[in-house]
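Structure data follow from entry_4.cif (mmCIF, C-alpha atoms and all ligand atoms):
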```cif
data_protein
loop_
_atom_site.label_atom_id
_atom_site.label_comp_id
_atom_site.auth_asym_id
_atom_site.auth_seq_id
_atom_site.Cartn_x
_atom_site.Cartn_y
_atom_site.Cartn_z
CA MET P 575 67.25 166.57 69.52
CA HIS P 576 69.91 169.16 68.87
CA ASP P 577 70.84 167.12 65.84
CA ASP P 578 73.15 167.64 62.89
CA GLN P 579 70.35 169.46 61.12
CA THR P 580 70.55 172.35 63.58
CA PRO P 581 73.27 174.69 62.36
CA ASP P 582 75.47 176.68 64.67
CA TRP P 583 73.06 179.61 64.90
CA ASP P 584 72.79 182.24 67.62
CA LEU P 585 70.07 181.95 70.25
CA GLU P 586 67.84 184.52 68.52
CA THR P 587 67.86 182.45 65.32
CA LEU P 588 67.45 179.08 67.03
CA ALA P 589 64.36 180.46 68.81
CA ILE P 590 62.73 181.12 65.45
CA ARG P 591 64.12 178.39 63.19
CA ALA P 592 65.28 175.32 65.11
CA GLY P 593 63.28 172.09 65.15
CA HIS P 594 60.98 172.54 62.17
CA GLN P 595 61.52 170.15 59.29
CA ARG P 596 59.08 171.12 56.57
CA THR P 597 56.64 168.45 55.41
CA HIS P 598 55.84 167.79 51.73
CA GLU P 599 53.19 170.55 52.01
CA GLN P 600 56.02 173.13 52.10
CA GLU P 601 54.35 175.03 54.95
CA HIS P 602 56.13 178.15 56.21
CA GLY P 603 54.79 178.05 59.78
CA GLU P 604 55.09 175.06 62.11
CA PRO P 605 52.16 172.64 61.64
CA ILE P 606 50.03 171.07 64.39
CA PHE P 607 49.52 167.31 64.29
CA PRO P 608 46.45 166.71 66.46
CA THR P 609 46.52 162.95 66.12
CA SER P 610 46.72 160.26 68.76
CA SER P 611 48.33 157.65 66.52
CA PHE P 612 50.09 157.03 63.21
CA VAL P 613 49.64 154.46 60.43
CA TYR P 614 52.08 152.26 58.50
CA GLY P 615 52.40 151.31 54.87
CA SER P 616 52.54 147.60 55.62
CA ALA P 617 52.49 145.04 58.40
CA ALA P 618 56.24 144.68 58.06
CA GLU P 619 56.78 148.42 58.54
CA ALA P 620 54.56 148.36 61.62
CA ALA P 621 56.60 145.49 63.03
CA ARG P 622 59.89 147.32 62.40
CA LYS P 623 58.64 150.52 64.05
CA PHE P 624 57.19 148.72 67.07
CA GLY P 625 60.42 146.75 67.40
CA GLY P 626 62.47 149.94 67.35
CA GLU P 627 64.41 148.87 64.24
CA GLU P 628 63.08 151.81 62.28
CA PRO P 629 62.48 155.29 63.64
CA GLY P 630 59.07 156.87 63.27
CA ASN P 631 55.92 157.80 65.08
CA ILE P 632 53.72 155.19 66.73
CA TYR P 633 51.50 156.93 69.27
CA SER P 634 51.42 160.50 70.57
CA ARG P 635 52.12 159.48 74.16
CA PHE P 636 55.55 158.42 72.80
CA THR P 637 56.27 160.96 70.07
CA ASN P 638 54.39 163.57 68.09
CA PRO P 639 55.89 165.81 65.38
CA THR P 640 54.54 169.05 66.90
CA VAL P 641 55.87 168.12 70.33
CA ARG P 642 59.21 167.16 68.73
CA THR P 643 59.52 170.61 67.13
CA PHE P 644 59.14 172.25 70.54
CA GLU P 645 61.59 169.79 72.13
CA GLN P 646 64.25 170.29 69.45
CA ARG P 647 63.91 174.07 69.55
CA LEU P 648 64.20 174.27 73.34
CA ALA P 649 67.10 171.76 73.42
CA ALA P 650 68.96 173.87 70.86
CA MET P 651 68.32 177.06 72.82
CA GLU P 652 69.47 175.54 76.14
CA GLY P 653 72.49 173.93 74.48
CA GLY P 654 71.42 170.41 75.51
CA GLU P 655 71.57 167.20 73.50
CA ARG P 656 67.92 166.39 73.97
CA CYS P 657 64.67 167.65 75.46
CA VAL P 658 61.61 165.76 76.69
CA ALA P 659 58.40 167.79 76.95
CA THR P 660 55.86 167.10 79.68
CA SER P 661 52.28 168.00 80.53
CA SER P 662 53.34 170.57 83.18
CA GLY P 663 56.37 171.89 84.99
CA MET P 664 55.55 169.63 87.93
CA ALA P 665 55.39 166.63 85.59
CA ALA P 666 58.88 167.57 84.38
CA ILE P 667 60.20 167.46 87.95
CA LEU P 668 58.33 164.23 88.76
CA ALA P 669 59.60 162.53 85.58
CA THR P 670 63.16 163.63 86.41
CA ALA P 671 62.90 162.06 89.88
CA LEU P 672 61.32 158.84 88.61
CA ALA P 673 63.94 158.52 85.88
CA LEU P 674 67.01 159.13 88.00
CA LEU P 675 66.23 158.13 91.59
CA GLN P 676 65.21 155.08 93.58
CA ALA P 677 64.38 154.23 97.19
CA GLY P 678 67.24 155.16 99.52
CA ASP P 679 68.53 157.97 97.29
CA GLU P 680 68.74 161.54 98.56
CA ILE P 681 68.18 164.96 97.02
CA VAL P 682 69.81 168.13 98.29
CA ALA P 683 67.71 171.14 97.28
CA SER P 684 67.61 174.87 97.88
CA ARG P 685 64.95 175.66 100.46
CA SER P 686 63.38 178.55 98.54
CA LEU P 687 61.76 176.30 95.93
CA PHE P 688 58.41 176.52 94.19
CA GLY P 689 55.85 175.30 96.77
CA SER P 690 54.59 172.29 94.82
CA THR P 691 58.18 171.14 94.25
CA VAL P 692 58.65 170.97 98.02
CA SER P 693 55.38 169.03 98.39
CA LEU P 694 56.42 166.65 95.61
CA PHE P 695 59.79 166.01 97.22
CA ASP P 696 58.53 165.66 100.81
CA LYS P 697 55.15 164.05 100.44
CA TYR P 698 55.30 161.93 97.30
CA LEU P 699 58.99 161.15 96.78
CA GLY P 700 59.14 160.68 100.55
CA LYS P 701 56.58 157.86 100.18
CA LEU P 702 58.91 156.17 97.70
CA GLY P 703 61.82 156.28 100.16
CA ILE P 704 63.59 159.24 98.56
CA THR P 705 64.60 161.90 101.10
CA THR P 706 65.29 165.59 100.51
CA ARG P 707 67.44 167.93 102.59
CA TYR P 708 67.04 171.67 102.14
CA VAL P 709 69.80 174.26 102.32
CA GLU P 710 70.13 177.99 101.89
CA LEU P 711 70.54 178.56 98.14
CA SER P 712 73.63 180.77 98.24
CA ASN P 713 75.46 178.94 101.05
CA LEU P 714 77.82 176.54 99.25
CA ASP P 715 79.22 175.16 102.53
CA ALA P 716 75.69 174.15 103.52
CA TRP P 717 75.24 172.33 100.19
CA GLU P 718 78.48 170.42 100.72
CA ALA P 719 77.60 169.56 104.33
CA ALA P 720 74.21 168.18 103.31
CA ILE P 721 75.63 165.78 100.71
CA THR P 722 75.97 162.13 101.77
CA PRO P 723 77.03 159.04 99.80
CA ALA P 724 73.30 158.52 99.06
CA THR P 725 72.93 161.94 97.39
CA LYS P 726 72.19 161.51 93.70
CA LEU P 727 70.65 164.86 92.77
CA LEU P 728 71.24 168.52 93.60
CA PHE P 729 68.24 170.69 92.72
CA ALA P 730 68.08 174.50 92.67
CA GLU P 731 66.05 177.43 91.40
CA THR P 732 68.28 180.41 90.70
CA PRO P 733 67.41 183.20 91.05
CA SER P 734 65.03 182.29 93.84
CA ASN P 735 61.45 183.42 94.21
CA PRO P 736 60.59 185.95 95.61
CA LEU P 737 63.91 187.18 97.09
CA SER P 738 66.11 186.85 93.98
CA GLU P 739 68.93 184.97 95.75
CA VAL P 740 71.49 183.54 93.33
CA VAL P 741 73.83 180.55 93.46
CA ASP P 742 77.01 180.09 91.43
CA ILE P 743 75.90 177.31 89.05
CA ALA P 744 79.45 176.39 87.95
CA VAL P 745 80.60 175.89 91.54
CA LEU P 746 77.47 173.91 92.42
CA ALA P 747 77.95 171.69 89.33
CA ASP P 748 81.55 170.97 90.38
CA LEU P 749 80.38 170.08 93.85
CA ALA P 750 77.71 167.71 92.48
CA HIS P 751 80.16 166.00 90.16
CA ARG P 752 82.82 165.54 92.86
CA HIS P 753 80.17 163.58 94.78
CA ASP P 754 78.89 161.60 91.75
CA ALA P 755 75.59 163.47 91.79
CA LEU P 756 73.77 165.35 89.05
CA LEU P 757 72.79 169.02 89.15
CA ALA P 758 69.31 170.05 87.98
CA ILE P 759 68.47 173.74 87.61
CA ASP P 760 64.87 174.93 87.39
CA ASN P 761 65.41 177.71 84.81
CA CYS P 762 61.85 178.96 84.87
CA PHE P 763 62.59 182.50 86.03
CA LEU P 764 65.27 183.37 83.48
CA THR P 765 64.80 180.96 80.53
CA PRO P 766 67.63 180.30 78.04
CA ALA P 767 67.27 183.90 76.88
CA LEU P 768 68.93 185.03 80.11
CA GLN P 769 70.72 182.00 81.59
CA LYS P 770 72.15 178.77 80.13
CA PRO P 771 72.80 176.37 83.04
CA ILE P 772 74.17 173.56 80.83
CA GLU P 773 76.97 175.83 79.57
CA LEU P 774 77.81 176.48 83.23
CA GLY P 775 78.04 172.75 84.01
CA ALA P 776 74.50 171.75 85.08
CA ASP P 777 73.34 168.32 83.90
CA LEU P 778 69.63 168.99 83.60
CA VAL P 779 67.51 172.07 82.99
CA ILE P 780 63.88 171.99 84.06
CA HIS P 781 61.12 174.24 82.79
CA SER P 782 57.60 175.15 83.56
CA ALA P 783 56.75 176.18 79.98
CA THR P 784 53.59 177.61 81.51
CA LYS P 785 55.60 180.68 82.51
CA TYR P 786 57.85 182.71 80.20
CA LEU P 787 58.28 180.11 77.41
CA ASP P 788 54.65 180.71 76.52
CA GLY P 789 54.70 184.09 78.18
CA GLN P 790 51.05 184.85 77.61
CA GLY P 791 49.29 182.64 80.12
CA ARG P 792 47.67 180.33 77.56
CA ALA P 793 48.74 176.79 78.42
CA ILE P 794 50.26 174.44 81.00
CA GLY P 795 53.36 172.46 80.06
CA GLY P 796 56.92 171.62 80.99
CA ALA P 797 60.21 170.25 79.73
CA VAL P 798 63.54 168.77 80.76
CA VAL P 799 66.74 169.36 78.77
CA GLY P 800 70.03 167.51 79.17
CA ARG P 801 72.23 164.74 77.80
CA ASP P 802 70.96 161.79 75.75
CA ALA P 803 71.83 159.28 78.49
CA GLU P 804 69.62 160.78 81.21
CA LEU P 805 66.96 161.99 78.78
CA GLU P 806 66.47 158.51 77.33
CA GLU P 807 65.48 157.37 80.86
CA LEU P 808 63.20 160.36 81.19
CA PHE P 809 61.61 159.65 77.82
CA GLY P 810 60.88 156.13 79.10
CA VAL P 811 59.08 157.56 82.13
CA VAL P 812 56.94 159.94 80.07
CA ARG P 813 56.19 157.28 77.45
CA THR P 814 55.18 154.72 80.09
CA CYS P 815 53.65 156.82 82.85
CA GLY P 816 51.90 159.24 80.51
CA PRO P 817 52.55 162.90 81.49
CA CYS P 818 53.03 163.84 77.82
CA LEU P 819 52.51 167.30 76.31
CA SER P 820 49.55 167.81 73.96
CA PRO P 821 50.40 168.80 70.37
CA PHE P 822 48.30 171.94 70.65
CA ASN P 823 50.12 173.14 73.76
CA ALA P 824 53.48 172.23 72.18
CA TRP P 825 52.58 174.44 69.23
CA ILE P 826 51.73 177.35 71.55
CA PHE P 827 55.10 176.99 73.30
CA THR P 828 56.95 176.72 69.98
CA LYS P 829 55.42 180.00 68.87
CA GLY P 830 56.14 181.45 72.32
CA LEU P 831 59.85 180.66 71.95
CA GLU P 832 59.98 182.78 68.78
CA THR P 833 59.47 185.97 70.78
CA LEU P 834 61.17 184.81 74.00
CA ASN P 835 64.39 186.81 73.55
CA LEU P 836 62.56 190.04 72.79
CA ARG P 837 60.04 189.54 75.57
CA MET P 838 62.66 188.72 78.21
CA ARG P 839 64.68 191.79 77.32
CA ALA P 840 61.57 193.96 77.64
CA HIS P 841 60.57 192.24 80.91
CA CYS P 842 64.06 192.98 82.31
CA ASP P 843 63.97 196.64 81.23
CA ASN P 844 60.60 197.21 82.91
CA ALA P 845 61.68 195.30 86.05
CA GLN P 846 64.99 197.15 86.39
CA ALA P 847 63.34 200.56 86.15
CA LEU P 848 60.58 199.55 88.55
CA ALA P 849 63.05 198.11 91.09
CA GLU P 850 65.09 201.34 91.03
CA TRP P 851 61.95 203.40 91.54
CA LEU P 852 60.74 201.18 94.40
CA GLU P 853 64.14 201.34 96.11
CA ALA P 854 63.92 205.13 96.17
CA HIS P 855 60.33 205.21 97.46
CA PRO P 856 60.01 206.37 101.10
CA ALA P 857 57.32 203.75 101.94
CA VAL P 858 59.57 200.88 100.82
CA ALA P 859 61.99 199.37 103.35
CA ARG P 860 63.86 197.01 101.04
CA VAL P 861 63.87 195.75 97.45
CA HIS P 862 65.06 192.25 96.50
CA TYR P 863 66.16 192.29 92.85
CA SER P 864 69.52 191.03 91.63
CA GLY P 865 69.75 193.86 89.10
CA LEU P 866 70.22 196.39 91.92
CA PRO P 867 73.79 197.11 93.09
CA SER P 868 72.42 196.84 96.67
CA HIS P 869 71.64 193.14 96.08
CA PRO P 870 74.26 191.03 97.94
CA GLN P 871 74.90 188.86 94.85
CA HIS P 872 74.58 191.50 92.15
CA ALA P 873 78.10 190.79 90.80
CA LEU P 874 77.50 187.04 90.55
CA ALA P 875 74.13 187.58 88.87
CA ALA P 876 75.70 190.01 86.40
CA ARG P 877 78.39 187.46 85.52
CA GLN P 878 76.22 184.37 85.33
CA GLN P 879 73.06 185.81 83.75
CA ARG P 880 72.35 187.78 80.60
CA GLY P 881 69.69 189.72 82.50
CA PHE P 882 68.13 189.88 85.94
CA GLY P 883 64.63 188.65 85.20
CA ALA P 884 61.33 190.26 86.07
CA VAL P 885 60.37 189.01 89.55
CA ILE P 886 60.78 191.67 92.25
CA GLY P 887 60.25 191.22 95.98
CA PHE P 888 59.88 194.38 98.06
CA GLU P 889 59.10 195.05 101.69
CA VAL P 890 56.89 197.91 102.75
CA LYS P 891 57.44 199.64 106.07
CA GLY P 892 54.80 197.93 108.20
CA GLY P 893 53.23 194.48 108.29
CA ARG P 894 50.55 192.52 106.53
CA GLU P 895 47.89 195.22 106.68
CA VAL P 896 50.12 197.75 104.96
CA ALA P 897 51.21 195.24 102.31
CA TRP P 898 47.62 194.26 101.63
CA SER P 899 46.61 197.94 101.30
CA VAL P 900 49.21 198.42 98.55
CA ILE P 901 47.98 195.29 96.75
CA ASP P 902 44.33 196.28 97.08
CA ALA P 903 45.00 199.79 95.74
CA THR P 904 46.07 198.39 92.34
CA ARG P 905 43.67 198.51 89.39
CA LEU P 906 45.95 197.37 86.56
CA LEU P 907 48.10 194.65 88.11
CA SER P 908 46.43 191.25 88.47
CA ILE P 909 46.26 189.97 92.06
CA THR P 910 47.43 186.41 91.44
CA GLY P 911 50.27 184.09 92.33
CA ASN P 912 51.12 183.43 88.69
CA LEU P 913 54.17 184.86 86.90
CA GLY P 914 55.84 184.75 83.52
CA ASP P 915 53.11 186.60 81.70
CA VAL P 916 52.91 189.77 79.63
CA LYS P 917 50.38 190.89 82.25
CA SER P 918 51.98 192.16 85.49
CA THR P 919 50.94 190.32 88.64
CA ILE P 920 51.12 191.14 92.33
CA THR P 921 50.86 188.90 95.37
CA HIS P 922 51.51 188.72 99.12
CA PRO P 923 53.78 185.65 99.39
CA GLY P 924 53.32 185.25 103.16
CA THR P 925 49.59 184.48 102.81
CA THR P 926 49.49 182.94 99.32
CA THR P 927 52.42 181.23 97.57
CA HIS P 928 54.29 180.69 100.85
CA GLY P 929 51.21 180.58 103.13
CA ARG P 930 51.68 176.90 104.00
CA LEU P 931 55.08 177.53 105.62
CA SER P 932 55.30 177.69 109.43
CA ASP P 933 56.34 180.98 111.03
CA ASP P 934 59.85 179.58 111.57
CA GLN P 935 60.14 178.44 107.96
CA LYS P 936 58.93 181.86 106.78
CA ALA P 937 61.46 183.61 108.98
CA SER P 938 64.37 181.50 107.74
CA ALA P 939 63.24 181.92 104.12
CA GLY P 940 62.96 185.71 104.54
CA ILE P 941 59.21 185.80 103.86
CA THR P 942 58.18 188.76 106.01
CA GLU P 943 54.64 190.07 106.53
CA GLY P 944 55.48 193.28 104.67
CA LEU P 945 56.84 191.45 101.60
CA ILE P 946 55.09 191.94 98.25
CA ARG P 947 56.02 190.20 95.00
CA VAL P 948 55.53 191.78 91.61
CA ALA P 949 56.15 189.78 88.43
CA VAL P 950 56.67 192.63 86.02
CA GLY P 951 54.89 192.31 82.69
CA LEU P 952 55.07 194.26 79.47
CA GLU P 953 52.51 197.01 80.05
CA ALA P 954 53.86 200.58 79.86
CA LEU P 955 56.26 201.21 82.74
CA ASP P 956 54.48 204.47 83.63
CA ASP P 957 51.19 202.64 84.09
CA ILE P 958 52.70 199.89 86.26
CA ARG P 959 54.47 202.49 88.39
CA ALA P 960 51.34 204.62 88.76
CA ASP P 961 49.38 201.53 89.83
CA LEU P 962 51.83 200.84 92.68
CA ALA P 963 52.24 204.51 93.53
CA ARG P 964 48.54 204.76 94.38
CA GLY P 965 48.99 202.53 97.43
CA LEU P 966 52.59 203.45 98.28
CA ASP P 967 52.16 207.24 98.12
CA ALA P 968 49.27 206.99 100.59
CA LEU P 969 51.73 205.53 103.13
CA ALA P 970 54.66 207.85 102.66
C1 LIG K 1001 55.22 177.23 88.07
C2 LIG K 1001 56.51 176.63 88.46
C3 LIG K 1001 56.69 175.24 88.45
C4 LIG K 1001 55.55 174.29 88.14
O1 LIG K 1001 55.11 174.40 86.83
P1 LIG K 1001 53.61 174.03 86.35
O2 LIG K 1001 53.70 174.23 84.89
O3 LIG K 1001 52.70 174.96 87.05
O4 LIG K 1001 53.39 172.62 86.73
C5 LIG K 1001 57.93 174.75 88.77
N1 LIG K 1001 58.95 175.55 89.10
C6 LIG K 1001 58.81 176.89 89.12
C7 LIG K 1001 59.97 177.73 89.48
C8 LIG K 1001 57.59 177.48 88.80
O5 LIG K 1001 57.46 178.81 88.86
#
```

Please express the file's structure as structure tokens.
Ligand SMILES: *Cc1c(COP(=O)(O)O)cnc(C)c1O
Amino acid sequence: MHDDQTPDWDLETLAIRAGHQRTHEQEHGEPIFPTSSFVYGSAAEAARKFGGEEPGNIYSRFTNPTVRTFEQRLAAMEGGERCVATSSGMAAILATALALLQAGDEIVASRSLFGSTVSLFDKYLGKLGITTRYVELSNLDAWEAAITPATKLLFAETPSNPLSEVVDIAVLADLAHRHDALLAIDNCFLTPALQKPIELGADLVIHSATKYLDGQGRAIGGAVVGRDAELEELFGVVRTCGPCLSPFNAWIFTKGLETLNLRMRAHCDNAQALAEWLEAHPAVARVHYSGLPSHPQHALAARQQRGFGAVIGFEVKGGREVAWSVIDATRLLSITGNLGDVKSTITHPGTTTHGRLSDDQKASAGITEGLIRVAVGLEALDDIRADLARGLDALA
């Protein structure tokens, strides 16, 4: 909880200090509480705690001090009243849906979502009688047209992956609220270091902590940040259905947050320089990165974000074979669909992360055969560039 004990610090300070109340051991670093349950001083105390008359820990599926430290720190950084941590980013999205929606409700979502989010919405929420309509992220008229009286939730990732499209969060929040719906933003690609959706009017912020919050590829986890009212429902879902975060992973994410601001700034610097270099390379047809003036929404991204993130999509001149040759020529970059890591990664979206889409869906989502995605890490820029140059220079 972003409670009275959290002073009005800047983001950089909150990332390092918020959420840790020292125990009687006077520890400097945040402790880990690897315990499933908690004990009481008396039968009467146990009864009061179980009855909710007295706050305190009961069982780690409900609350755990290490998990609470992570939740309070992330809530403070996102500027939300409360955070609930979950076992993964997908569990965060599932818990949000179970907490806020019921049969007959509708979601309107941007179509360029994380693949498992689309499967969750279509296959599993669909089974529960919750329908999702997809629209082009940046087309606000399309969002408005897709809303019906049954729409309860608008859901977007901005910037999108891998084409870096951006939507105006403040305008989308207004639209949601005019139709009595809530706006949830998956803030995985920018994190609170670079974008604060709640300040712009969003109701809920969703995270895969697996990505930049940890930043070093060590653990799977997630979180939802928002107002007390909605988060109390969400807490009920996690407490009852069980997708809770382990104390050990919460501790990893807490320590990850301490370097988040520095890491994101360094990720952005590497990505910006790499995008500019790629745009000038003769073998490259097009670069999708909102930090480039050539990006159609560069001005919006510059206004809404504190940085442009580190995911770059670029199209080589030629099709799949050419794209694969560039990927296969790398020796440093990891060929993997993951992102949000100090290690740079490279992938061919058309045959991996977006491989399940039909040709029509790929075409409308802009996933061409020549498209390559690089999630830029923190290795030396010269080494990343040289690794891509090996394949690209052979084409030019
Ligand atoms: C990875 C990812 C998720 C899912 O998170 P997990 O921790 O892998 O469950 C959700 N949204 C986005 C944008 C992601 O990149």

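Minimum atom-to-atom distances from P:Trp898, P:Phe809, P:Phe888, P:Phe763 to ligand LIG 1001 (chain K) were compared using only C-alpha atoms and all ligand atoms, and the lowest value belongs to P:Phe763.
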
Worksheet item: Would you name the residues within 9 Å of ligand LIG 1001 (chain K), counting all atoms listed in the file, and put them as a count of residues only?
Response: 33

Practice prompt. Could you check which of P:Cys657, P:Leu737, P:Val811, P:Ala849 is closest to Thr942 in chain P, using only C-alpha atoms?
Written response: P:Leu737

Response to the item:
Nearest to Phe644 in chain P, restricted to only C-alpha atoms and choosing among P:Pro821, P:Gly810, P:Pro736, P:Gly800, comes out as P:Pro821

Listing only residues of range 815-841 of chain P within 10 Å of range 623-634 of chain P, what is the closest atom pair and its distance in Å (to one decimal) for each, using only C-alpha atoms, sorted by chain and residue number ascending, as JSON lines?
```
{"residue": "P:Cys818", "atom": "CA", "partner": "P:Ser634", "partner_atom": "CA", "distance": 8.1}
{"residue": "P:Leu819", "atom": "CA", "partner": "P:Ser634", "partner_atom": "CA", "distance": 9.0}
{"residue": "P:Ser820", "atom": "CA", "partner": "P:Ser634", "partner_atom": "CA", "distance": 8.3}
{"residue": "P:Pro821", "atom": "CA", "partner": "P:Ser634", "partner_atom": "CA", "distance": 8.4}
```
